[in-house]
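Undergrad: My structure file model36.csv, CSV, C-alpha atoms, is below:
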```csv
chain,number,residue,atom,x,y,z
A,38,MET,CA,-19.3,-0.9,2.6
A,39,LEU,CA,-16.3,-0.6,0.3
A,40,VAL,CA,-14.5,2.1,2.2
A,41,THR,CA,-13.8,2.4,5.9
A,42,GLU,CA,-12.1,5.3,7.5
A,43,PHE,CA,-10.4,4.9,10.9
A,44,SER,CA,-8.6,7.2,13.2
A,45,THR,CA,-7.1,6.7,16.6
A,46,GLU,CA,-8.0,10.2,17.7
A,47,VAL,CA,-11.6,9.0,18.5
A,48,VAL,CA,-10.2,7.9,21.9
A,49,ALA,CA,-8.0,9.5,24.6
A,50,ALA,CA,-4.2,9.6,24.0
A,51,PRO,CA,-3.3,6.7,26.3
A,52,GLU,CA,-5.8,4.4,24.5
A,53,ARG,CA,-4.8,5.1,20.9
A,54,PHE,CA,-2.0,2.6,20.4
A,55,ALA,CA,-4.0,-0.3,21.7
A,56,LEU,CA,-6.9,0.8,19.4
A,57,TRP,CA,-4.4,0.7,16.5
A,58,GLU,CA,-3.1,-2.7,17.4
A,59,GLY,CA,-6.7,-4.1,17.4
A,60,ALA,CA,-7.7,-2.4,14.2
A,61,THR,CA,-4.6,-3.5,12.2
A,62,GLU,CA,-4.9,-7.1,13.4
A,63,GLN,CA,-8.4,-7.2,11.9
A,64,SER,CA,-7.5,-5.4,8.7
A,65,HIS,CA,-4.1,-6.9,8.0
A,66,MET,CA,-2.6,-9.7,10.2
A,67,ARG,CA,-1.5,-10.2,13.7
A,68,ASN,CA,1.9,-8.7,14.4
A,69,ARG,CA,3.8,-7.4,17.3
A,70,LEU,CA,3.8,-3.6,17.3
A,71,ARG,CA,6.0,-0.9,19.0
A,72,SER,CA,6.2,2.8,18.5
A,73,ASN,CA,8.2,5.7,19.8
A,74,ASP,CA,4.9,7.6,20.0
A,75,HIS,CA,3.2,4.9,22.1
A,76,ASN,CA,1.8,7.4,24.6
A,77,ASP,CA,-0.1,9.4,22.0
A,78,PHE,CA,-0.3,7.4,18.8
A,79,ARG,CA,-2.0,9.6,16.2
A,80,ALA,CA,-2.7,7.4,13.2
A,81,ARG,CA,-5.4,6.9,10.6
A,82,MET,CA,-6.2,4.3,8.0
A,83,ARG,CA,-8.5,4.1,4.9
A,84,GLY,CA,-9.5,0.7,3.8
A,85,LEU,CA,-10.9,-0.3,0.4
A,86,ASP,CA,-12.5,-3.7,0.5
A,87,LEU,CA,-12.3,-5.5,-2.9
A,88,GLY,CA,-13.3,-8.9,-1.5
A,89,GLU,CA,-10.2,-11.2,-1.5
A,90,VAL,CA,-8.0,-8.2,-2.2
A,91,GLN,CA,-7.6,-5.5,0.4
A,92,VAL,CA,-6.2,-2.0,-0.3
A,93,SER,CA,-5.4,0.3,2.6
A,94,ALA,CA,-3.6,3.6,3.1
A,95,LEU,CA,-1.9,4.3,6.4
A,96,ALA,CA,-0.6,7.3,8.2
A,97,TYR,CA,1.4,7.3,11.5
A,98,PRO,CA,4.5,8.9,13.0
A,99,HIS,CA,6.6,5.8,13.8
A,100,LEU,CA,5.9,2.1,13.9
A,101,GLU,CA,7.9,-1.0,14.3
A,102,VAL,CA,6.1,-4.2,13.0
A,103,VAL,CA,7.5,-7.6,13.9
A,104,ARG,CA,5.9,-10.9,12.6
A,105,THR,CA,7.5,-13.7,14.5
A,106,ALA,CA,7.6,-17.4,13.6
A,107,LYS,CA,5.3,-18.0,16.5
A,108,LEU,CA,2.7,-15.6,15.2
A,109,VAL,CA,3.0,-17.3,11.7
A,110,ARG,CA,2.2,-20.7,13.3
A,111,GLN,CA,-0.7,-19.2,15.3
A,112,SER,CA,-2.4,-17.5,12.4
A,113,ASP,CA,-1.4,-17.2,8.8
A,114,PRO,CA,-3.7,-15.7,6.2
A,115,GLU,CA,-1.3,-16.9,3.5
A,116,VAL,CA,-1.2,-13.6,1.6
A,117,TYR,CA,1.4,-11.4,-0.1
A,118,GLN,CA,1.6,-7.9,1.3
A,119,ILE,CA,2.8,-5.2,-1.1
A,120,ASN,CA,3.7,-1.8,0.4
A,121,TYR,CA,4.1,1.3,-1.7
A,122,PHE,CA,5.9,4.1,0.2
A,123,LEU,CA,4.4,7.5,-0.3
A,124,GLY,CA,6.5,9.3,2.3
A,125,GLY,CA,9.0,8.8,5.1
A,126,GLN,CA,11.6,6.0,5.2
A,127,GLY,CA,11.9,2.6,6.7
A,128,VAL,CA,13.8,-0.7,6.9
A,129,VAL,CA,12.2,-4.1,6.2
A,130,SER,CA,13.7,-7.5,6.8
A,131,GLN,CA,12.6,-10.9,5.5
A,132,ASP,CA,14.5,-14.0,4.5
A,133,ARG,CA,17.7,-12.5,5.9
A,134,ARG,CA,17.4,-9.5,3.6
A,135,ASP,CA,17.6,-6.0,5.1
A,136,THR,CA,16.2,-3.3,2.8
A,137,THR,CA,16.1,0.4,3.2
A,138,LEU,CA,13.0,2.0,1.6
A,139,GLY,CA,12.1,5.5,0.8
A,140,THR,CA,9.4,7.5,-1.0
A,141,GLY,CA,8.4,5.9,-4.3
A,142,ASP,CA,9.6,2.3,-3.4
A,143,LEU,CA,7.5,-0.8,-3.5
A,144,VAL,CA,8.3,-4.0,-1.5
A,145,VAL,CA,6.7,-7.5,-1.4
A,146,MET,CA,6.3,-9.4,1.9
A,147,ASP,CA,4.9,-12.9,2.6
A,148,SER,CA,2.7,-13.5,5.6
A,149,SER,CA,4.0,-17.1,5.9
A,150,ARG,CA,7.5,-15.9,6.7
A,151,SER,CA,8.6,-13.9,9.7
A,152,PHE,CA,9.6,-10.3,9.0
A,153,ARG,CA,10.3,-7.0,10.6
A,154,GLY,CA,9.6,-3.4,9.5
A,155,ASP,CA,10.6,-0.1,11.1
A,156,VAL,CA,9.0,3.0,9.5
A,157,HIS,CA,9.4,6.7,10.3
A,158,ALA,CA,6.8,8.8,8.6
A,159,ASP,CA,4.8,12.1,8.7
A,160,PRO,CA,1.5,11.5,10.4
A,161,GLY,CA,0.0,14.4,8.5
A,162,ARG,CA,0.1,12.5,5.2
A,163,TRP,CA,-0.4,9.0,4.0
A,164,SER,CA,2.9,7.1,4.6
A,165,HIS,CA,2.1,4.1,2.4
A,166,VAL,CA,-0.5,2.1,0.5
A,167,THR,CA,-0.7,-1.6,1.3
A,168,VAL,CA,-2.2,-4.3,-0.8
A,169,GLN,CA,-3.0,-7.8,0.6
A,170,CYS,CA,-3.9,-10.6,-1.7
A,171,PRO,CA,-4.0,-14.4,-1.3
A,172,ARG,CA,-0.9,-16.0,-2.7
A,173,GLY,CA,-3.0,-18.3,-4.9
A,174,LEU,CA,-4.5,-15.4,-6.8
A,175,LEU,CA,-1.2,-14.2,-8.2
A,176,PRO,CA,-0.5,-16.0,-11.5
A,177,LEU,CA,3.2,-16.6,-10.7
A,178,PRO,CA,5.1,-19.5,-9.2
A,179,ALA,CA,5.6,-19.0,-5.4
A,180,LYS,CA,9.3,-20.0,-5.7
A,181,ALA,CA,9.8,-17.2,-8.2
A,182,VAL,CA,8.1,-14.6,-6.1
A,183,GLN,CA,10.2,-15.6,-3.1
A,184,ARG,CA,13.3,-14.3,-4.9
A,185,LEU,CA,11.8,-10.8,-4.7
A,186,LEU,CA,10.7,-10.7,-1.0
A,187,ALA,CA,12.0,-7.6,0.8
A,188,VAL,CA,13.7,-6.5,-2.4
A,189,PRO,CA,13.1,-2.8,-3.3
A,190,ILE,CA,11.2,-2.2,-6.5
A,191,SER,CA,11.1,1.3,-8.0
A,192,GLY,CA,7.6,2.8,-8.2
A,193,ARG,CA,9.0,5.8,-10.0
A,194,ARG,CA,9.4,4.3,-13.5
A,195,GLY,CA,8.4,1.4,-15.8
A,196,MET,CA,5.8,-1.1,-14.7
A,197,GLY,CA,6.5,-0.3,-11.1
A,198,GLY,CA,5.5,3.3,-11.8
A,199,VAL,CA,2.3,2.2,-13.5
A,200,PHE,CA,1.4,0.1,-10.5
A,201,ALA,CA,2.3,2.8,-8.1
A,202,ARG,CA,0.1,5.3,-9.9
A,203,TRP,CA,-2.8,2.8,-9.9
A,204,LEU,CA,-2.4,2.4,-6.1
A,205,SER,CA,-2.4,6.1,-5.6
A,206,ASP,CA,-5.6,6.4,-7.7
A,207,LEU,CA,-7.3,3.6,-5.8
A,208,ASN,CA,-6.7,5.5,-2.6
A,209,ALA,CA,-7.5,9.0,-3.9
A,210,ARG,CA,-10.7,7.8,-5.6
A,211,ALA,CA,-11.8,5.2,-3.1
A,212,HIS,CA,-15.2,6.8,-2.3
A,213,GLU,CA,-16.1,6.9,-6.0
A,214,PHE,CA,-16.3,3.1,-6.5
A,215,THR,CA,-19.3,0.9,-6.2
A,216,PRO,CA,-19.7,-2.8,-5.6
A,217,ALA,CA,-20.1,-3.3,-9.4
A,218,ASP,CA,-16.5,-2.0,-9.8
A,219,ILE,CA,-14.9,-4.7,-7.6
A,220,PRO,CA,-14.3,-7.4,-10.2
A,221,THR,CA,-12.5,-4.9,-12.5
A,222,LEU,CA,-10.5,-3.2,-9.7
A,223,THR,CA,-9.4,-6.6,-8.4
A,224,SER,CA,-8.5,-8.0,-11.8
A,225,VAL,CA,-6.5,-4.9,-12.8
A,226,SER,CA,-4.7,-4.8,-9.5
A,227,LEU,CA,-3.6,-8.4,-9.6
A,228,ASP,CA,-2.6,-8.2,-13.3
A,229,LEU,CA,-0.5,-5.1,-12.7
A,230,LEU,CA,1.1,-6.6,-9.7
A,231,ALA,CA,1.9,-9.8,-11.5
A,232,SER,CA,3.4,-7.8,-14.4
A,233,VAL,CA,5.6,-5.8,-12.0
A,234,ILE,CA,7.0,-8.9,-10.4
A,235,ALA,CA,7.4,-10.8,-13.6
A,236,ARG,CA,9.3,-7.9,-15.2
A,237,CYS,CA,11.6,-7.8,-12.2
A,238,LEU,CA,12.2,-11.5,-12.3
A,239,GLU,CA,12.3,-11.7,-16.1
A,240,VAL,CA,9.6,-14.3,-16.2
A,241,GLU,CA,7.0,-12.5,-18.2
A,242,GLU,CA,6.5,-15.5,-20.4
A,243,SER,CA,4.8,-17.2,-17.5
A,244,LEU,CA,2.0,-14.6,-17.5
A,245,THR,CA,-1.3,-15.3,-19.3
A,246,PRO,CA,-2.1,-13.4,-22.5
A,247,GLU,CA,-4.9,-11.6,-20.7
A,248,THR,CA,-2.6,-10.5,-17.9
A,249,ARG,CA,-0.1,-9.2,-20.4
A,250,LYS,CA,-2.8,-7.4,-22.3
A,251,THR,CA,-4.1,-5.7,-19.1
A,252,ALA,CA,-0.6,-4.6,-18.1
A,253,LEU,CA,0.0,-3.1,-21.6
A,254,ARG,CA,-3.3,-1.3,-21.5
A,255,ALA,CA,-2.4,0.2,-18.2
A,256,ARG,CA,1.0,1.3,-19.5
A,257,ILE,CA,-0.7,3.0,-22.4
A,258,ASN,CA,-3.2,4.8,-20.3
A,259,ALA,CA,-0.3,6.0,-18.0
A,260,PHE,CA,1.6,7.2,-21.0
A,261,ILE,CA,-1.4,9.1,-22.3
A,262,GLU,CA,-1.8,10.8,-18.9
A,263,GLN,CA,1.8,11.8,-18.7
A,264,HIS,CA,1.8,13.3,-22.2
A,265,LEU,CA,-1.6,15.0,-22.4
A,266,ALA,CA,0.0,18.5,-22.5
A,267,ASP,CA,2.0,17.6,-25.6
A,268,PRO,CA,0.0,18.9,-28.6
A,269,ASP,CA,1.8,16.3,-30.8
A,270,LEU,CA,0.4,13.3,-28.8
A,271,SER,CA,-1.5,11.1,-31.2
A,272,PRO,CA,-2.5,7.5,-31.6
A,273,GLN,CA,0.5,6.9,-33.8
A,274,VAL,CA,2.9,8.4,-31.2
A,275,ILE,CA,1.3,6.1,-28.6
A,276,ALA,CA,1.6,3.0,-30.7
A,277,ASP,CA,5.2,3.8,-31.6
A,278,ALA,CA,6.2,4.3,-28.0
A,279,HIS,CA,4.9,0.9,-27.1
A,280,HIS,CA,6.2,-0.9,-30.2
A,281,ILE,CA,2.8,-2.0,-31.5
A,282,SER,CA,0.8,-1.3,-34.6
A,283,LEU,CA,-1.9,1.4,-34.8
A,284,ARG,CA,-4.4,-1.4,-35.5
A,285,HIS,CA,-3.2,-3.3,-32.4
A,286,LEU,CA,-3.6,-0.1,-30.3
A,287,HIS,CA,-7.2,0.3,-31.5
A,288,ARG,CA,-8.0,-3.3,-30.7
A,289,LEU,CA,-6.4,-3.0,-27.3
A,290,LEU,CA,-8.5,0.0,-26.3
A,291,ALA,CA,-11.7,-1.2,-27.9
A,292,GLY,CA,-13.0,-2.4,-24.5
A,293,GLN,CA,-12.9,1.2,-23.3
A,294,ASP,CA,-15.7,2.1,-25.7
A,295,THR,CA,-13.7,4.9,-27.3
A,296,SER,CA,-11.0,5.4,-29.9
A,297,PRO,CA,-7.5,6.4,-28.8
A,298,ALA,CA,-8.0,9.8,-30.4
A,299,ALA,CA,-11.3,10.3,-28.6
A,300,SER,CA,-9.7,9.2,-25.3
A,301,ILE,CA,-7.0,11.8,-25.6
A,302,ARG,CA,-9.5,14.5,-26.4
A,303,ARG,CA,-11.8,13.5,-23.5
A,304,ARG,CA,-9.0,13.5,-21.0
A,305,ARG,CA,-7.7,16.9,-22.2
A,306,LEU,CA,-11.1,18.4,-22.0
A,307,GLU,CA,-11.5,17.1,-18.4
A,308,ARG,CA,-8.3,18.7,-17.4
A,309,CYS,CA,-9.4,22.0,-19.0
A,310,ARG,CA,-12.7,21.8,-17.2
A,311,ARG,CA,-10.9,21.2,-13.9
A,312,ASP,CA,-8.6,24.2,-14.4
A,313,LEU,CA,-11.4,26.5,-15.5
A,314,ALA,CA,-13.3,25.8,-12.3
A,315,ASP,CA,-10.2,26.4,-10.2
A,316,PRO,CA,-10.3,29.9,-8.7
A,317,ARG,CA,-6.5,29.9,-8.3
A,318,LEU,CA,-6.2,29.9,-12.1
A,319,ALA,CA,-8.8,32.6,-12.7
A,320,ALA,CA,-6.1,35.0,-14.0
A,321,HIS,CA,-5.1,32.6,-16.8
A,322,PRO,CA,-6.9,33.4,-20.1
A,323,VAL,CA,-9.2,30.6,-21.4
A,324,HIS,CA,-7.0,30.1,-24.5
A,325,THR,CA,-4.0,29.6,-22.2
A,326,VAL,CA,-5.8,26.9,-20.3
A,327,GLY,CA,-6.6,25.1,-23.5
A,328,ALA,CA,-3.0,25.4,-24.8
A,329,ARG,CA,-1.8,24.0,-21.5
A,330,TRP,CA,-3.5,20.7,-22.3
A,331,GLY,CA,-2.6,20.5,-26.0
A,332,PHE,CA,-5.3,22.6,-27.6
A,333,THR,CA,-3.3,25.0,-29.7
A,334,ASN,CA,-6.2,26.5,-31.7
A,335,PRO,CA,-8.5,28.6,-29.4
A,336,ALA,CA,-11.5,28.4,-31.7
A,337,HIS,CA,-11.2,24.6,-32.0
A,338,PHE,CA,-10.9,24.3,-28.3
A,339,SER,CA,-14.0,26.4,-27.7
A,340,ARG,CA,-16.0,24.3,-30.1
A,341,LEU,CA,-14.9,21.0,-28.6
A,342,PHE,CA,-15.6,22.2,-25.1
A,343,ARG,CA,-19.1,23.4,-26.0
A,344,THR,CA,-19.9,20.1,-27.7
A,345,ALA,CA,-18.7,18.1,-24.7
A,346,TYR,CA,-20.3,20.2,-21.9
A,347,GLY,CA,-23.0,22.2,-23.6
A,348,ILE,CA,-21.5,25.5,-22.6
A,349,PRO,CA,-18.5,27.6,-23.9
A,350,PRO,CA,-15.4,27.5,-21.7
A,351,GLN,CA,-15.5,31.2,-20.8
A,352,ASP,CA,-19.2,30.8,-19.6
A,353,TYR,CA,-18.3,27.6,-17.7
A,354,ARG,CA,-15.6,29.4,-15.8
A,355,ARG,CA,-18.2,32.0,-14.6
A,356,VAL,CA,-20.9,29.5,-13.5
A,357,ALA,CA,-18.8,26.6,-12.2
A,358,PRO,CA,-18.2,27.9,-8.7
A,359,GLN,CA,-21.8,29.0,-8.2
A,360,ALA,CA,-23.2,25.7,-9.5
A,361,GLY,CA,-20.9,23.6,-7.4
A,362,LEU,CA,-19.3,22.2,-10.5
A,363,GLU,CA,-15.9,22.7,-9.1
A,364,HIS,CA,-16.3,19.3,-7.4
A,365,ALA,CA,-15.9,17.6,-10.7
A,366,SER,CA,-12.7,19.5,-11.3
A,367,THR,CA,-11.1,18.1,-8.2
A,368,MET,CA,-11.9,14.5,-8.7
A,369,THR,CA,-8.7,13.7,-10.4
A,370,ARG,CA,-6.5,15.3,-7.8
A,371,HIS,CA,-4.6,13.1,-5.3
A,372,GLU,CA,-4.6,14.0,-1.6
```
Before we go any further, please render this structure as structure tokens.
TA:
Amino acid sequence: MLVTEFSTEVVAAPERFALWEGATEQSHMRNRLRSNDHNDFRARMRGLDLGEVQVSALAYPHLEVVRTAKLVRQSDPEVYQINYFLGGQGVVSQDRRDTTLGTGDLVVMDSSRSFRGDVHADPGRWSHVTVQCPRGLLPLPAKAVQRLLAVPISGRRGMGGVFARWLSDLNARAHEFTPADIPTLTSVSLDLLASVIARCLEVEESLTPETRKTALRARINAFIEQHLADPDLSPQVIADAHHISLRHLHRLLAGQDTSPAASIRRRRLERCRRDLADPRLAAHPVHTVGARWGFTNPAHFSRLFRTAYGIPPQDYRRVAPQAGLEHASTMTRHE
């Protein structure tokens, strides 16, 4: 099973914190835990098992995590742990570094070194996404990575933003994946992580050509997503923004079995389909929905939509709720 869902609320309030301690020791590593909400610890976790790489989303009110030197000696999985903060705030300490973290920050920790974390969050939403991977899988020198332990990395821009978006998508789409997706998900996760760290340390020359290519492809896909509403978005605009030739762009995206122009069109049509199935947008005319995602010519939009889905957009809007097609329209939304 790729995805596991866990909640402390399956037991009575006095037993919840102990249940959480046992669950996180199995899913992550053995730490000493304390919480201001010890008497009624309402928390949940969603785990995505990618083999050697583990991705999990956690939600809780307050938690202090301490990994002592004694615990390291007793049991060390020898992994890097990367936390992406989705909400709340906290302080982490490792290698004599104290770092304050907030929404949108990334931080790297090492299981072989003692550390401490103290996080206050909203139990009603995911507080952070955690990635654990064996140190040997990251294609970077360990001494270089140590310079970045407990150092805040922005997940709001640049390569940090691309990696943060990837982690959010992994969590939001966790139930869509199959075992056949594991190699790709693992490879992309590690390549993006390596690129983020290498960019921060200015050691990108140490990355393999394939890792750099994966990272560039991810940046391009993120750029396309961010600019879909711009009617002027084109393959040339994408190539210019990433300082590559149009031919290089086509080669880079060849593995996605589509051209850059077709990729833009498909993504725009999917956004339109999502909006047309959303009852909250029922008052918006069909041509407005198309224009919202870069289709400035209503007739052209209608032809493209019918070719893609076999039905005109105005008819799709009428039948989608009754046919249950609105499910497809929500698949790209994050929790």
Undergrad: Please report the interatomic distance between atom CA of Glu262 of chain A and atom CA of Arg308 of chain A in Å with one decimal.
TA: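 Between these atoms lies a distance of 10.3 Å.
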Undergrad: For atom CA of Gln111 of chain A and atom CA of Gly154 of chain A, determine how far apart the two atoms are, in Å to one decimal place.
TA: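 Straight-line distance from atom CA of Gln111 of chain A to atom CA of Gly154 of chain A works out to 19.7 Å.
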Undergrad: Please determine, counting only C-alpha atoms, which residue among A:Thr140, A:Arg83, A:Pro272, A:Tyr117 has the shortest atom-to-atom distance to Ile234 of chain A.
TA: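 Going through A:Thr140, A:Arg83, A:Pro272, A:Tyr117 one by one, the smallest distance to Ile234 of chain A is for A:Tyr117.
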Undergrad: Could you check the closest approach to Arg162 of chain A for each of A:Phe78, A:Phe338, A:Phe43, A:Tyr97 and tell me which residue wins, using only C-alpha atoms?
TA: A:Tyr97
Undergrad: Please list as a CSV table (one decimal) with C-alpha atoms, in the frame of the given file every residue within 12 Å of Leu318 of chain A, counting all atoms listed in the file and excluding residues in the same chain fewer than 6 positions away.
TA:
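Resulting contents of around02.csv:
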```
chain,number,residue,atom,x,y,z
A,309,CYS,CA,-9.4,22.0,-19.0
A,310,ARG,CA,-12.7,21.8,-17.2
A,311,ARG,CA,-10.9,21.2,-13.9
A,312,ASP,CA,-8.6,24.2,-14.4
A,325,THR,CA,-4.0,29.6,-22.2
A,326,VAL,CA,-5.8,26.9,-20.3
A,329,ARG,CA,-1.8,24.0,-21.5
A,354,ARG,CA,-15.6,29.4,-15.8
```
Undergrad: What is the atom CA of Arg210 of chain A to atom CA of Gln263 of chain A distance in Å?
TA: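 Between atom CA of Arg210 of chain A and atom CA of Gln263 of chain A the gap is 18.5 Å.
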Undergrad: Up to 9 Å from (-12.7, 28.5, -19.1) in the file's coordinates: name the residues, counting all atoms listed in the file, as a list in words.
TA: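 Within 9 Å of (-12.7, 28.5, -19.1), the protein and nucleic acid residues are Cys309, Arg310, Asp312, Leu313, Ala314, Ala319, His321, Pro322, Val323, His324, Val326, Gly327, Ser339, Pro349, Pro350, Gln351, Asp352, Tyr353, Arg354 and Arg355 of chain A.
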Undergrad: Give me, as an NGL selection string, all polymer residues having an atom no more than 12 Å from Val156 of chain A, counting all atoms listed in the file and skipping those fewer than 4 positions away in the same chain.
TA: :A and (70-73 or 95-103 or 120 or 122-130 or 136-140 or 160 or 164-165)
Undergrad: Of the candidates A:Thr295, A:Ser148, A:Ser93, A:Thr61, which shows the shortest atom-to-atom distance to Ala106 of chain A, using only C-alpha atoms?
TA: A:Ser148
Undergrad: Could you tell me which of A:Ala179, A:Ala187, A:Leu286, A:Val92 comes closest to Ser64 of chain A if we count only C-alpha atoms?
TA: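 For Ser64 of chain A, the nearest of the candidates is A:Val92.
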Undergrad: Could you tell me which of A:Ser300, A:Asn68, A:Gln131, A:Gln91 comes closest to Leu265 of chain A if we count all atoms listed in the file?
TA: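 Counting all atoms listed in the file, the residue closest to Leu265 of chain A is A:Ser300.
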Undergrad: Here is a test: counting all atoms listed in the file, which residue of A:Gly141, A:Pro178, A:Gly88, A:Pro189 is nearest to Arg202 of chain A?
TA: A:Gly141
Undergrad: Find the residues around Ile281 of chain A up to 12 Å (only C-alpha atoms counted), leave out those fewer than 5 positions away in its own chain, and share them as a PyMOL selection string.
TA: chain A and resi 253-254+257+272-276+286-289
Undergrad: Excluding same-chain residues fewer than 6 positions from Pro114 of chain A, what lies within 10 Å of it counting all atoms listed in the file, as a list of chain:residue names?
TA: A:His65, A:Met66, A:Arg67, A:Asp147, A:Ser148, A:Ser149, A:Gln169, A:Cys170, A:Pro171, A:Arg172
Undergrad: Got a sec: who's within 10 Å of Arg184 of chain A, counting only C-alpha atoms, leaving out chain neighbours fewer than 4 positions off, as a ChimeraX atom specification?
TA: /A:132,179-180,188,234,237-238
Undergrad: Can you rebuild segment 154-177 of chain A with N, CA and C atoms and give it as a compact mmCIF listing (two decimals), in the frame of the given file?
TA:
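The resulting file, selection_18.txt, is reproduced below:
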```txt
# COMPACT_ATOMS: atom_id res chain seq x y z
N GLY A 154 9.60 -4.73 10.19
CA GLY A 154 9.60 -3.40 9.50
C GLY A 154 9.69 -2.32 10.52
N ASP A 155 10.42 -1.27 10.19
CA ASP A 155 10.60 -0.10 11.10
C ASP A 155 10.45 1.13 10.23
N VAL A 156 9.34 1.86 10.39
CA VAL A 156 9.00 3.00 9.50
C VAL A 156 8.87 4.27 10.28
N HIS A 157 9.54 5.32 9.81
CA HIS A 157 9.40 6.70 10.30
C HIS A 157 8.70 7.51 9.25
N ALA A 158 7.57 8.12 9.59
CA ALA A 158 6.80 8.80 8.60
C ALA A 158 6.22 10.11 9.15
N ASP A 159 5.51 10.83 8.29
CA ASP A 159 4.80 12.10 8.70
C ASP A 159 3.37 11.74 8.92
N PRO A 160 2.90 11.86 10.16
CA PRO A 160 1.50 11.50 10.40
C PRO A 160 0.49 12.38 9.75
N GLY A 161 0.95 13.51 9.20
CA GLY A 161 0.00 14.40 8.50
C GLY A 161 -0.30 14.01 7.11
N ARG A 162 0.33 12.97 6.59
CA ARG A 162 0.10 12.50 5.20
C ARG A 162 0.12 11.00 5.17
N TRP A 163 -0.42 10.42 4.12
CA TRP A 163 -0.40 9.00 4.00
C TRP A 163 1.10 8.53 3.86
N SER A 164 1.47 7.56 4.67
CA SER A 164 2.90 7.10 4.60
C SER A 164 3.03 5.98 3.56
N HIS A 165 2.04 5.11 3.42
CA HIS A 165 2.10 4.10 2.40
C HIS A 165 0.76 3.49 2.08
N VAL A 166 0.67 2.89 0.91
CA VAL A 166 -0.50 2.10 0.50
C VAL A 166 -0.14 0.67 0.54
N THR A 167 -0.98 -0.14 1.16
CA THR A 167 -0.70 -1.60 1.30
C THR A 167 -1.77 -2.38 0.56
N VAL A 168 -1.33 -3.38 -0.17
CA VAL A 168 -2.20 -4.30 -0.80
C VAL A 168 -1.99 -5.70 -0.26
N GLN A 169 -3.06 -6.38 0.11
CA GLN A 169 -3.00 -7.80 0.60
C GLN A 169 -3.80 -8.64 -0.34
N CYS A 170 -3.19 -9.70 -0.85
CA CYS A 170 -3.90 -10.60 -1.70
C CYS A 170 -3.49 -12.05 -1.42
N PRO A 171 -4.41 -13.01 -1.49
CA PRO A 171 -4.00 -14.40 -1.30
C PRO A 171 -2.96 -14.83 -2.31
N ARG A 172 -1.99 -15.59 -1.86
CA ARG A 172 -0.90 -16.00 -2.70
C ARG A 172 -1.42 -16.73 -3.97
N GLY A 173 -2.48 -17.50 -3.78
CA GLY A 173 -3.00 -18.30 -4.90
C GLY A 173 -3.61 -17.48 -6.02
N LEU A 174 -3.93 -16.20 -5.75
CA LEU A 174 -4.50 -15.40 -6.80
C LEU A 174 -3.48 -14.77 -7.73
N LEU A 175 -2.23 -14.78 -7.32
CA LEU A 175 -1.20 -14.20 -8.20
C LEU A 175 -0.71 -15.24 -9.17
N PRO A 176 -0.83 -14.98 -10.47
CA PRO A 176 -0.50 -16.00 -11.50
C PRO A 176 0.98 -16.16 -11.73
N LEU A 177 1.72 -16.41 -10.64
CA LEU A 177 3.20 -16.60 -10.70
C LEU A 177 3.59 -17.70 -9.77
```
